[in-house]
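Next comes upload.cif, with mmCIF, C-alpha atoms.
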data_model
loop_
_atom_site.group_PDB
_atom_site.id
_atom_site.type_symbol
_atom_site.label_atom_id
_atom_site.label_comp_id
_atom_site.auth_asym_id
_atom_site.auth_seq_id
_atom_site.Cartn_x
_atom_site.Cartn_y
_atom_site.Cartn_z
ATOM 1 C CA MET A 1 116.163 92.629 124.702
ATOM 2 C CA LYS A 2 119.882 92.537 123.979
ATOM 3 C CA ALA A 3 121.351 89.069 123.506
ATOM 4 C CA VAL A 4 124.702 87.597 122.534
ATOM 5 C CA ALA A 5 123.793 85.485 119.509
ATOM 6 C CA PHE A 6 124.991 84.008 116.230
ATOM 7 C CA THR A 7 123.327 83.349 112.895
ATOM 8 C CA GLU A 8 125.921 80.961 111.477
ATOM 9 C CA PHE A 9 128.376 78.457 112.929
ATOM 10 C CA GLY A 10 132.002 79.436 113.283
ATOM 11 C CA GLY A 11 134.661 80.899 115.520
ATOM 12 C CA PRO A 12 134.156 83.525 118.217
ATOM 13 C CA GLU A 13 133.866 86.224 115.560
ATOM 14 C CA VAL A 14 130.365 85.009 114.564
ATOM 15 C CA LEU A 15 128.967 86.280 117.879
ATOM 16 C CA ARG A 16 126.954 89.497 117.721
ATOM 17 C CA VAL A 17 124.850 91.564 120.111
ATOM 18 C CA LEU A 18 121.345 91.390 118.610
ATOM 19 C CA ASP A 19 117.954 92.802 119.521
ATOM 20 C CA LEU A 20 115.639 89.827 120.097
ATOM 21 C CA PRO A 21 112.066 89.567 121.418
ATOM 22 C CA GLU A 22 111.744 89.360 125.193
ATOM 23 C CA PRO A 23 110.560 85.969 126.458
ATOM 24 C CA HIS A 24 107.776 85.781 129.040
ATOM 25 C CA ALA A 25 107.133 83.276 131.818
ATOM 26 C CA GLY A 26 104.349 80.734 131.491
ATOM 27 C CA PRO A 27 102.927 78.304 134.055
ATOM 28 C CA GLY A 28 105.617 76.676 136.180
ATOM 29 C CA GLU A 29 108.260 79.085 134.915
ATOM 30 C CA VAL A 30 110.195 82.145 136.001
ATOM 31 C CA ARG A 31 111.672 84.948 133.974
ATOM 32 C CA VAL A 32 115.036 86.177 135.188
ATOM 33 C CA ARG A 33 116.673 89.465 134.304
ATOM 34 C CA VAL A 34 120.212 88.217 133.872
ATOM 35 C CA LYS A 35 123.022 89.934 135.753
ATOM 36 C CA ALA A 36 125.806 87.494 134.823
ATOM 37 C CA ALA A 37 126.226 84.406 132.648
ATOM 38 C CA GLY A 38 129.096 81.947 132.641
ATOM 39 C CA VAL A 39 131.156 81.130 129.551
ATOM 40 C CA GLN A 40 132.400 77.581 129.106
ATOM 41 C CA PRO A 41 133.571 75.079 126.460
ATOM 42 C CA PHE A 42 129.954 73.869 126.082
ATOM 43 C CA ASP A 43 129.026 77.303 124.707
ATOM 44 C CA ALA A 44 131.962 77.333 122.298
ATOM 45 C CA ALA A 45 130.945 73.905 120.989
ATOM 46 C CA VAL A 46 127.362 75.081 120.367
ATOM 47 C CA ARG A 47 128.668 78.161 118.581
ATOM 48 C CA ALA A 48 130.993 76.027 116.441
ATOM 49 C CA GLY A 49 128.203 73.715 115.252
ATOM 50 C CA TRP A 50 127.462 71.090 117.892
ATOM 51 C CA GLU A 51 123.762 70.618 118.584
ATOM 52 C CA PRO A 52 122.870 69.437 122.112
ATOM 53 C CA PRO A 53 120.605 66.366 121.958
ATOM 54 C CA HIS A 54 116.868 66.715 122.542
ATOM 55 C CA LEU A 55 116.863 70.403 121.622
ATOM 56 C CA ASN A 56 115.211 71.831 118.542
ATOM 57 C CA LEU A 57 117.149 75.062 118.138
ATOM 58 C CA GLY A 58 116.095 77.816 115.771
ATOM 59 C CA TRP A 59 117.942 80.899 114.569
ATOM 60 C CA PRO A 60 119.452 83.123 115.763
ATOM 61 C CA ARG A 61 121.004 81.041 118.538
ATOM 62 C CA VAL A 62 121.910 82.335 121.964
ATOM 63 C CA PRO A 63 124.591 80.417 123.915
ATOM 64 C CA GLY A 64 124.848 80.302 127.683
ATOM 65 C CA ASN A 65 124.436 77.340 130.013
ATOM 66 C CA GLU A 66 124.350 79.060 133.429
ATOM 67 C CA PHE A 67 123.228 82.405 134.802
ATOM 68 C CA ALA A 68 122.331 84.526 137.791
ATOM 69 C CA GLY A 69 119.896 87.394 138.063
ATOM 70 C CA VAL A 70 116.661 88.766 139.469
ATOM 71 C CA VAL A 71 113.215 87.219 138.964
ATOM 72 C CA ASP A 72 110.697 89.628 137.468
ATOM 73 C CA GLU A 73 107.906 87.292 136.260
ATOM 74 C CA GLY A 74 106.482 83.905 137.107
ATOM 75 C CA GLU A 75 106.296 81.456 139.985
ATOM 76 C CA LEU A 76 108.698 83.224 142.374
ATOM 77 C CA ALA A 77 108.280 86.656 143.906
ATOM 78 C CA ALA A 78 109.553 89.521 141.784
ATOM 79 C CA GLY A 79 112.910 90.676 143.113
ATOM 80 C CA THR A 80 114.083 87.199 144.172
ATOM 81 C CA GLU A 81 117.797 86.853 143.416
ATOM 82 C CA VAL A 82 118.615 83.468 141.911
ATOM 83 C CA LEU A 83 121.251 81.420 140.165
ATOM 84 C CA GLY A 84 120.319 78.719 137.728
ATOM 85 C CA PHE A 85 121.065 76.459 134.811
ATOM 86 C CA THR A 86 119.840 75.787 131.308
ATOM 87 C CA ALA A 87 121.152 74.327 128.041
ATOM 88 C CA VAL A 88 121.291 77.534 125.972
ATOM 89 C CA GLN A 89 119.811 81.067 125.984
ATOM 90 C CA ALA A 90 121.527 82.423 129.125
ATOM 91 C CA CYS A 91 123.652 85.100 127.421
ATOM 92 C CA ALA A 92 120.792 87.565 127.143
ATOM 93 C CA GLU A 93 119.128 90.245 129.220
ATOM 94 C CA TYR A 94 116.223 87.895 130.014
ATOM 95 C CA ILE A 95 115.814 84.140 130.243
ATOM 96 C CA VAL A 96 112.769 81.967 131.013
ATOM 97 C CA VAL A 97 113.327 78.603 132.703
ATOM 98 C CA PRO A 98 111.307 76.119 134.782
ATOM 99 C CA VAL A 99 111.089 77.255 138.397
ATOM 100 C CA GLY A 100 112.870 74.018 139.359
ATOM 101 C CA ASP A 101 116.017 75.119 137.528
ATOM 102 C CA VAL A 102 116.849 78.020 139.862
ATOM 103 C CA THR A 103 117.749 78.370 143.513
ATOM 104 C CA PRO A 104 118.116 81.481 145.703
ATOM 105 C CA LYS A 105 121.440 83.261 145.515
ATOM 106 C CA PRO A 106 123.229 83.558 148.862
ATOM 107 C CA PRO A 107 123.160 87.245 149.893
ATOM 108 C CA GLY A 108 126.926 87.509 150.109
ATOM 109 C CA MET A 109 127.669 85.911 146.737
ATOM 110 C CA PRO A 110 128.811 88.511 144.164
ATOM 111 C CA TRP A 111 127.009 88.542 140.818
ATOM 112 C CA ASP A 112 130.056 87.503 138.817
ATOM 113 C CA VAL A 113 130.564 84.471 141.057
ATOM 114 C CA ALA A 114 126.864 83.597 140.927
ATOM 115 C CA GLY A 115 126.760 83.795 137.133
ATOM 116 C CA GLY A 116 129.578 81.307 136.709
ATOM 117 C CA PHE A 117 128.967 79.095 139.735
ATOM 118 C CA THR A 118 126.466 76.562 138.460
ATOM 119 C CA ALA A 119 128.181 74.547 135.741
ATOM 120 C CA GLY A 120 131.599 73.951 137.257
ATOM 121 C CA THR A 121 130.429 73.126 140.751
ATOM 122 C CA GLN A 122 127.598 70.835 139.663
ATOM 123 C CA THR A 123 129.821 69.065 137.116
ATOM 124 C CA ALA A 124 132.397 68.406 139.833
ATOM 125 C CA SER A 125 129.768 67.280 142.339
ATOM 126 C CA ILE A 126 128.141 64.866 139.891
ATOM 127 C CA ALA A 127 131.497 63.454 138.773
ATOM 128 C CA LEU A 128 132.703 62.742 142.320
ATOM 129 C CA GLU A 129 129.360 61.112 143.069
ATOM 130 C CA VAL A 130 129.680 58.857 140.003
ATOM 131 C CA LEU A 131 133.282 58.018 140.959
ATOM 132 C CA ARG A 132 132.177 57.110 144.508
ATOM 133 C CA VAL A 133 134.954 59.131 146.140
ATOM 134 C CA THR A 134 135.176 58.306 149.835
ATOM 135 C CA ALA A 135 137.225 59.261 152.867
ATOM 136 C CA GLY A 136 140.751 57.901 152.944
ATOM 137 C CA GLU A 137 141.157 57.630 149.167
ATOM 138 C CA THR A 138 143.554 59.627 147.005
ATOM 139 C CA LEU A 139 141.789 61.566 144.280
ATOM 140 C CA LEU A 140 143.745 62.845 141.281
ATOM 141 C CA VAL A 141 142.225 65.851 139.475
ATOM 142 C CA HIS A 142 143.681 66.780 136.094
ATOM 143 C CA ALA A 143 143.266 70.450 135.102
ATOM 144 C CA ALA A 144 142.724 71.187 138.766
ATOM 145 C CA ALA A 145 142.993 74.983 138.446
ATOM 146 C CA GLY A 146 139.995 75.357 136.106
ATOM 147 C CA SER A 147 136.468 76.002 137.330
ATOM 148 C CA VAL A 148 135.508 72.302 137.507
ATOM 149 C CA GLY A 149 138.877 71.335 138.933
ATOM 150 C CA THR A 150 138.770 74.051 141.583
ATOM 151 C CA ALA A 151 135.412 72.743 142.786
ATOM 152 C CA ALA A 152 136.474 69.089 142.554
ATOM 153 C CA VAL A 153 139.566 69.651 144.688
ATOM 154 C CA GLN A 154 137.528 71.243 147.454
ATOM 155 C CA LEU A 155 134.629 68.776 147.280
ATOM 156 C CA GLY A 156 137.110 65.907 147.353
ATOM 157 C CA LYS A 157 138.691 67.351 150.491
ATOM 158 C CA LEU A 158 135.251 67.778 152.084
ATOM 159 C CA ALA A 159 134.579 64.086 151.336
ATOM 160 C CA GLY A 160 137.696 63.172 153.303
ATOM 161 C CA ALA A 161 139.928 62.304 150.342
ATOM 162 C CA THR A 162 143.552 63.266 149.858
ATOM 163 C CA VAL A 163 143.587 65.332 146.663
ATOM 164 C CA VAL A 164 146.357 65.602 144.094
ATOM 165 C CA GLY A 165 145.973 68.192 141.340
ATOM 166 C CA THR A 166 147.830 68.656 138.077
ATOM 167 C CA ALA A 167 148.222 72.149 136.657
ATOM 168 C CA SER A 168 150.770 74.480 135.108
ATOM 169 C CA GLU A 169 153.725 75.777 137.090
ATOM 170 C CA ALA A 170 151.922 79.093 137.537
ATOM 171 C CA ASN A 171 149.027 77.447 139.384
ATOM 172 C CA GLN A 172 150.930 75.305 141.878
ATOM 173 C CA ASP A 173 150.534 77.726 144.775
ATOM 174 C CA TYR A 174 146.846 78.157 143.945
ATOM 175 C CA LEU A 175 146.304 74.400 144.284
ATOM 176 C CA ARG A 176 148.115 74.388 147.625
ATOM 177 C CA GLU A 177 145.739 77.104 148.835
ATOM 178 C CA LEU A 178 142.804 74.873 147.875
ATOM 179 C CA GLY A 179 144.266 71.982 149.873
ATOM 180 C CA ALA A 180 145.653 69.841 147.047
ATOM 181 C CA THR A 181 149.097 68.387 146.526
ATOM 182 C CA PRO A 182 150.138 70.127 143.289
ATOM 183 C CA VAL A 183 151.906 68.359 140.438
ATOM 184 C CA VAL A 184 153.165 70.043 137.270
ATOM 185 C CA TYR A 185 152.035 68.868 133.845
ATOM 186 C CA GLY A 186 154.541 67.714 131.288
ATOM 187 C CA PRO A 187 157.107 64.996 130.567
ATOM 188 C CA GLU A 188 157.551 62.272 133.178
ATOM 189 C CA LEU A 189 154.177 63.056 134.721
ATOM 190 C CA ARG A 190 153.650 59.388 135.585
ATOM 191 C CA ASP A 191 156.896 59.305 137.552
ATOM 192 C CA ARG A 192 155.777 62.278 139.640
ATOM 193 C CA LEU A 193 152.329 60.805 140.300
ATOM 194 C CA ALA A 194 153.094 57.107 140.854
ATOM 195 C CA PRO A 195 154.512 57.477 144.408
ATOM 196 C CA LEU A 196 151.319 59.249 145.529
ATOM 197 C CA GLY A 197 149.128 56.129 145.392
ATOM 198 C CA VAL A 198 146.212 57.350 143.291
ATOM 199 C CA ASP A 199 142.884 55.524 143.768
ATOM 200 C CA VAL A 200 140.497 57.545 141.616
ATOM 201 C CA VAL A 201 140.849 60.106 138.782
ATOM 202 C CA LEU A 202 138.765 63.009 137.511
ATOM 203 C CA ASP A 203 140.282 63.953 134.164
ATOM 204 C CA GLY A 204 139.663 67.465 132.903
ATOM 205 C CA ALA A 205 142.626 67.531 130.507
ATOM 206 C CA GLY A 206 142.459 64.415 128.322
ATOM 207 C CA GLY A 207 145.253 63.208 126.057
ATOM 208 C CA ASP A 208 148.455 62.350 127.893
ATOM 209 C CA ALA A 209 146.858 63.022 131.274
ATOM 210 C CA LEU A 210 144.231 60.356 130.627
ATOM 211 C CA ASP A 211 146.863 57.940 129.310
ATOM 212 C CA VAL A 212 148.908 58.359 132.482
ATOM 213 C CA SER A 213 145.774 57.825 134.571
ATOM 214 C CA LEU A 214 145.199 54.450 132.913
ATOM 215 C CA GLU A 215 148.649 53.377 134.073
ATOM 216 C CA LEU A 216 148.036 54.534 137.642
ATOM 217 C CA VAL A 217 144.555 53.100 138.310
ATOM 218 C CA ARG A 218 143.670 49.528 137.324
ATOM 219 C CA ASP A 219 139.936 49.808 137.976
ATOM 220 C CA ARG A 220 138.773 51.926 135.056
ATOM 221 C CA SER A 221 135.383 52.487 136.687
ATOM 222 C CA ARG A 222 137.323 54.827 139.011
ATOM 223 C CA ILE A 223 138.428 57.067 136.113
ATOM 224 C CA LEU A 224 136.104 59.682 134.636
ATOM 225 C CA THR A 225 137.014 61.969 131.752
ATOM 226 C CA LEU A 226 135.249 65.260 131.141
ATOM 227 C CA VAL A 227 136.890 65.848 127.766
ATOM 228 C CA ASP A 228 137.940 62.658 125.937
ATOM 229 C CA HIS A 229 134.402 61.414 125.300
ATOM 230 C CA ASP A 230 135.318 59.852 121.954
ATOM 231 C CA ARG A 231 137.896 57.584 123.602
ATOM 232 C CA ALA A 232 136.007 56.778 126.783
ATOM 233 C CA ALA A 233 133.987 53.767 125.594
ATOM 234 C CA ASP A 234 136.978 52.040 123.995
ATOM 235 C CA LEU A 235 139.097 52.653 127.085
ATOM 236 C CA GLY A 236 136.369 51.571 129.495
ATOM 237 C CA VAL A 237 136.428 54.786 131.505
ATOM 238 C CA LEU A 238 133.441 56.839 132.630
ATOM 239 C CA VAL A 239 132.042 60.094 131.307
ATOM 240 C CA SER A 240 129.993 62.649 133.189
ATOM 241 C CA LYS A 241 126.257 62.069 133.544
ATOM 242 C CA SER A 242 123.341 64.456 133.803
ATOM 243 C CA GLY A 243 122.203 65.230 137.297
ATOM 244 C CA ARG A 244 121.987 68.982 137.687
ATOM 245 C CA SER A 245 119.186 70.033 140.006
ATOM 246 C CA ALA A 246 118.105 72.979 142.099
ATOM 247 C CA SER A 247 118.641 70.922 145.254
ATOM 248 C CA ARG A 248 122.227 70.058 144.317
ATOM 249 C CA LEU A 249 122.887 73.670 143.392
ATOM 250 C CA ALA A 250 121.386 74.883 146.670
ATOM 251 C CA GLU A 251 123.693 72.567 148.643
ATOM 252 C CA LEU A 252 126.735 73.857 146.764
ATOM 253 C CA ALA A 253 125.668 77.476 147.208
ATOM 254 C CA ALA A 254 125.281 76.812 150.938
ATOM 255 C CA LEU A 255 128.858 75.508 151.049
ATOM 256 C CA TYR A 256 129.981 78.744 149.398
ATOM 257 C CA ALA A 257 128.001 80.814 151.891
ATOM 258 C CA LYS A 258 129.659 78.946 154.790
ATOM 259 C CA GLY A 259 133.109 79.522 153.353
ATOM 260 C CA ASP A 260 133.669 75.825 152.643
ATOM 261 C CA LEU A 261 133.721 76.191 148.834
ATOM 262 C CA ARG A 262 135.785 78.907 147.199
ATOM 263 C CA PHE A 263 135.039 80.019 143.641
ATOM 264 C CA HIS A 264 137.465 81.994 141.524
ATOM 265 C CA VAL A 265 136.390 84.258 138.653
ATOM 266 C CA ARG A 266 139.309 84.752 136.305
ATOM 267 C CA ARG A 267 137.732 87.566 134.325
ATOM 268 C CA ALA A 268 134.356 89.253 133.990
ATOM 269 C CA TYR A 269 133.699 90.733 130.546
ATOM 270 C CA PRO A 270 130.872 93.088 129.583
ATOM 271 C CA TYR A 271 128.423 91.131 127.423
ATOM 272 C CA THR A 272 129.419 93.364 124.511
ATOM 273 C CA GLU A 273 132.859 91.690 124.631
ATOM 274 C CA ALA A 274 131.586 88.118 124.218
ATOM 275 C CA VAL A 275 133.942 87.532 121.286
ATOM 276 C CA ALA A 276 136.956 88.137 123.539
ATOM 277 C CA ALA A 277 135.465 85.932 126.259
ATOM 278 C CA HIS A 278 135.006 83.036 123.817
ATOM 279 C CA ARG A 279 138.517 83.469 122.482
ATOM 280 C CA GLU A 280 139.881 83.224 126.003
ATOM 281 C CA ILE A 281 137.844 80.136 126.906
ATOM 282 C CA GLU A 282 139.068 78.381 123.771
ATOM 283 C CA THR A 283 142.710 78.702 124.820
ATOM 284 C CA GLY A 284 142.013 75.911 127.320
ATOM 285 C CA HIS A 285 144.243 77.568 129.889
ATOM 286 C CA GLY A 286 143.719 79.731 132.918
ATOM 287 C CA ARG A 287 142.552 79.657 136.484
ATOM 288 C CA GLY A 288 138.879 79.713 137.407
ATOM 289 C CA LYS A 289 135.874 81.027 135.486
ATOM 290 C CA ILE A 290 135.076 83.517 132.724
ATOM 291 C CA VAL A 291 131.728 85.325 132.895
ATOM 292 C CA LEU A 292 129.732 87.891 130.927
ATOM 293 C CA MET A 293 128.118 90.739 132.847
ATOM 294 C CA PHE A 294 124.817 92.428 132.001
ATOM 295 C CA PRO A 295 123.692 95.809 133.344
#
I need this file expressed as structure tokens, please.
Amino acid sequence: MKAVAFTEFGGPEVLRVLDLPEPHAGPGEVRVRVKAAGVQPFDAAVRAGWEPPHLNLGWPRVPGNEFAGVVDEGELAAGTEVLGFTAVQACAEYIVVPVGDVTPKPPGMPWDVAGGFTAGTQTASIALEVLRVTAGETLLVHAAAGSVGTAAVQLGKLAGATVVGTASEANQDYLRELGATPVVYGPELRDRLAPLGVDVVLDGAGGDALDVSLELVRDRSRILTLVDHDRAADLGVLVSKSGRSASRLAELAALYAKGDLRFHVRRAYPYTEAVAAHREIETGHGRGKIVLMFP
């Protein structure tokens, strides 16, 4: 099979399209012919040298933390369209995962959306659950135009919260469309946010955005950072926990199917252009999701 892989750590340029042996499903597993796979900072970190805990990775290494495709072996009927999650290995023509790590794809969900849907929506769902966001509160989402932020804004609204989102000037109208009160990044951010009465913060930006959040919310158990993990313990703020599941993913996919959860794909690259996709994800800017498409 064709796979996006690397044989040494480094920048996006270490990625290559390699011919690797096809995996096959064993008991309790499914093999999926991948149609689309999301690209995210997790993948860039693995490529650059970070090793996810509890994984014994060999070489060459295939990134990819989320995928969508068609089952062709294993515990589900061949031809079943699914979306799912993993730690690595998704950026390839085939992937084998436990049957409990996939859920049926809604019929109306395009492949590019399905391939990038899992990580951002589940990360947002888990974070809001950890933060105990409830109706009547004001939720501040930093980096609200990204894939996690886009989901968090909408899930916060569905929970009954008033949502404030920070983003660049170019994404202010986008946040309004999602139902958030938009606020522009930059100097004097605290002055713009303070009158809004923030109760709880999901930080997807780190740095100054997290510092401002500490001034706005006294209870640091109501602040969760997705990016400043090294500072979190000293500051007393939360970090995201594991909690991805097929049942959570199915609930989120159902919200999409009902029209209650929008999902924006910024760009879909052919898998042969994975280097360009990784370069774009590492800019840290842009609206929505980047995905790789497989034939």
Inset, instruction - Run the PyMOL selection byres ((chain A and resi 154-156) around 10) on the file and write out the hits as a PyMOL selection string. - result: chain A and resi 121+124-125+128+133-135+137-141+149-153+157-164+175+178-180+252+255+260-263
Could you take the residues named above and write them with C-alpha atoms, as a JSON list (two decimals), in the frame of the given file?
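Result saved to out36.json:
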[["chain", "number", "residue", "atom", "x", "y", "z"],
["A", 121, "THR", "CA", 130.43, 73.13, 140.75],
["A", 124, "ALA", "CA", 132.40, 68.41, 139.83],
["A", 125, "SER", "CA", 129.77, 67.28, 142.34],
["A", 128, "LEU", "CA", 132.70, 62.74, 142.32],
["A", 133, "VAL", "CA", 134.95, 59.13, 146.14],
["A", 134, "THR", "CA", 135.18, 58.31, 149.84],
["A", 135, "ALA", "CA", 137.22, 59.26, 152.87],
["A", 137, "GLU", "CA", 141.16, 57.63, 149.17],
["A", 138, "THR", "CA", 143.55, 59.63, 147.00],
["A", 139, "LEU", "CA", 141.79, 61.57, 144.28],
["A", 140, "LEU", "CA", 143.74, 62.84, 141.28],
["A", 141, "VAL", "CA", 142.22, 65.85, 139.48],
["A", 149, "GLY", "CA", 138.88, 71.33, 138.93],
["A", 150, "THR", "CA", 138.77, 74.05, 141.58],
["A", 151, "ALA", "CA", 135.41, 72.74, 142.79],
["A", 152, "ALA", "CA", 136.47, 69.09, 142.55],
["A", 153, "VAL", "CA", 139.57, 69.65, 144.69],
["A", 157, "LYS", "CA", 138.69, 67.35, 150.49],
["A", 158, "LEU", "CA", 135.25, 67.78, 152.08],
["A", 159, "ALA", "CA", 134.58, 64.09, 151.34],
["A", 160, "GLY", "CA", 137.70, 63.17, 153.30],
["A", 161, "ALA", "CA", 139.93, 62.30, 150.34],
["A", 162, "THR", "CA", 143.55, 63.27, 149.86],
["A", 163, "VAL", "CA", 143.59, 65.33, 146.66],
["A", 164, "VAL", "CA", 146.36, 65.60, 144.09],
["A", 175, "LEU", "CA", 146.30, 74.40, 144.28],
["A", 178, "LEU", "CA", 142.80, 74.87, 147.88],
["A", 179, "GLY", "CA", 144.27, 71.98, 149.87],
["A", 180, "ALA", "CA", 145.65, 69.84, 147.05],
["A", 252, "LEU", "CA", 126.74, 73.86, 146.76],
["A", 255, "LEU", "CA", 128.86, 75.51, 151.05],
["A", 260, "ASP", "CA", 133.67, 75.82, 152.64],
["A", 261, "LEU", "CA", 133.72, 76.19, 148.83],
["A", 262, "ARG", "CA", 135.78, 78.91, 147.20],
["A", 263, "PHE", "CA", 135.04, 80.02, 143.64]]
Inset, instruction - Using CA of Arg16 (chain A) and CA of Ala37 (chain A) as the two end points, give the distance in Å to one decimal. - result: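 Result for CA of Arg16 (chain A) versus CA of Ala37 (chain A): 15.8 Å, one decimal.
Put simply, CA of Ala78 (chain A) is 23.8 Å away from CA of Tyr271 (chain A).
Across the structure, CA of Val291 (chain A) and CA of His54 (chain A) are spaced 26.0 Å apart.
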Inset, instruction - Find, counting all atoms listed in the file, the residue in A:Thr181, A:Ala167, A:Ser221, A:Lys105 that gets nearest to Ala209 (chain A). - result: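 Using all atoms listed in the file, Ala209 (chain A) sits closest to A:Ala167.
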Inset, instruction - List the residues matched by the PyMOL selection byres ((chain A and resi 113-115) around 9) in the displayed structure as a PyMOL selection string, ordered by chain and then by residue number. - result: chain A and resi 34-38+66-69+82-84+105-106+109-112+116-118+253+263-265+289+291-293
I need the residues from that last selection saved to file as a PDB file, in the coordinates of the input (with C-alpha atoms), if you can.
ATOM      1  CA  VAL A  34     120.212  88.217 133.872  1.00  0.00           C
ATOM      2  CA  LYS A  35     123.022  89.934 135.753  1.00  0.00           C
ATOM      3  CA  ALA A  36     125.806  87.494 134.823  1.00  0.00           C
ATOM      4  CA  ALA A  37     126.226  84.406 132.648  1.00  0.00           C
ATOM      5  CA  GLY A  38     129.096  81.947 132.641  1.00  0.00           C
ATOM      6  CA  GLU A  66     124.350  79.060 133.429  1.00  0.00           C
ATOM      7  CA  PHE A  67     123.228  82.405 134.802  1.00  0.00           C
ATOM      8  CA  ALA A  68     122.331  84.526 137.791  1.00  0.00           C
ATOM      9  CA  GLY A  69     119.896  87.394 138.063  1.00  0.00           C
ATOM     10  CA  VAL A  82     118.615  83.468 141.911  1.00  0.00           C
ATOM     11  CA  LEU A  83     121.251  81.420 140.165  1.00  0.00           C
ATOM     12  CA  GLY A  84     120.319  78.719 137.728  1.00  0.00           C
ATOM     13  CA  LYS A 105     121.440  83.261 145.515  1.00  0.00           C
ATOM     14  CA  PRO A 106     123.229  83.558 148.862  1.00  0.00           C
ATOM     15  CA  MET A 109     127.669  85.911 146.737  1.00  0.00           C
ATOM     16  CA  PRO A 110     128.811  88.511 144.164  1.00  0.00           C
ATOM     17  CA  TRP A 111     127.009  88.542 140.818  1.00  0.00           C
ATOM     18  CA  ASP A 112     130.056  87.503 138.817  1.00  0.00           C
ATOM     19  CA  GLY A 116     129.578  81.307 136.709  1.00  0.00           C
ATOM     20  CA  PHE A 117     128.967  79.095 139.735  1.00  0.00           C
ATOM     21  CA  THR A 118     126.466  76.562 138.460  1.00  0.00           C
ATOM     22  CA  ALA A 253     125.668  77.476 147.208  1.00  0.00           C
ATOM     23  CA  PHE A 263     135.039  80.019 143.641  1.00  0.00           C
ATOM     24  CA  HIS A 264     137.465  81.994 141.524  1.00  0.00           C
ATOM     25  CA  VAL A 265     136.390  84.258 138.653  1.00  0.00           C
ATOM     26  CA  LYS A 289     135.874  81.027 135.486  1.00  0.00           C
ATOM     27  CA  VAL A 291     131.728  85.325 132.895  1.00  0.00           C
ATOM     28  CA  LEU A 292     129.732  87.891 130.927  1.00  0.00           C
ATOM     29  CA  MET A 293     128.118  90.739 132.847  1.00  0.00           C
TER      30      MET A 293
END
Legend entry - A:Thr225, A:Thr272, A:Ser247, A:Thr7 ranked by distance to Val130 (chain A), top pick (using only C-alpha atoms):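 Checking each candidate against Val130 (chain A), we get A:Thr225 as the closest.
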Inset, instruction - Would you mind telling me which residue in A:Gly64, A:Gly286, A:Gly236, A:Gly197 lies nearest to Val46 (chain A) when using all atoms listed in the file? - result: A:Gly64
Which residues, named as in the file, does the PyMOL selection byres ((chain A and resi 19-33) around 6) pick out? Answer as a JSON list (two decimals) with C-alpha atoms, keeping the file's coordinate frame.
[["chain", "number", "residue", "atom", "x", "y", "z"],
["A", 1, "MET", "CA", 116.16, 92.63, 124.70],
["A", 2, "LYS", "CA", 119.88, 92.54, 123.98],
["A", 18, "LEU", "CA", 121.34, 91.39, 118.61],
["A", 34, "VAL", "CA", 120.21, 88.22, 133.87],
["A", 69, "GLY", "CA", 119.90, 87.39, 138.06],
["A", 70, "VAL", "CA", 116.66, 88.77, 139.47],
["A", 71, "VAL", "CA", 113.22, 87.22, 138.96],
["A", 72, "ASP", "CA", 110.70, 89.63, 137.47],
["A", 73, "GLU", "CA", 107.91, 87.29, 136.26],
["A", 74, "GLY", "CA", 106.48, 83.90, 137.11],
["A", 75, "GLU", "CA", 106.30, 81.46, 139.99],
["A", 93, "GLU", "CA", 119.13, 90.24, 129.22],
["A", 94, "TYR", "CA", 116.22, 87.90, 130.01],
["A", 95, "ILE", "CA", 115.81, 84.14, 130.24],
["A", 96, "VAL", "CA", 112.77, 81.97, 131.01],
["A", 97, "VAL", "CA", 113.33, 78.60, 132.70],
["A", 98, "PRO", "CA", 111.31, 76.12, 134.78],
["A", 99, "VAL", "CA", 111.09, 77.26, 138.40]]
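Closest approach to Arg47 (chain A) from the set A:Glu280, A:Glu13, A:Glu188, A:Asp228 is made by A:Glu13, with distances taken over all atoms listed in the file.
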Legend entry - Polymer residues at most 12 Å from Ala232 (chain A), only C-alpha atoms, same-chain spacing of 3 or more positions, as a VMD selection string: chain A and resid 203 206 to 207 210 to 211 214 220 to 221 223 to 229 235 to 240
Inset, instruction - Around the point (115.6, 83.4, 143.2) in the file's coordinates, collect all residues with an atom within 6 Å, using all atoms listed in the file, and return them as number ranges by chain. - result: A: 80-82, 103-104
Please put the answer as JSON: centre and edge lengths, in Å with one decimal, of a box along x, y and z that encloses all listed atoms of region 282-295 of chain A plus 3 Å on each side.
{"center_x": 134.0, "center_y": 85.9, "center_z": 130.6, "size_x": 26.6, "size_y": 25.9, "size_z": 19.6}
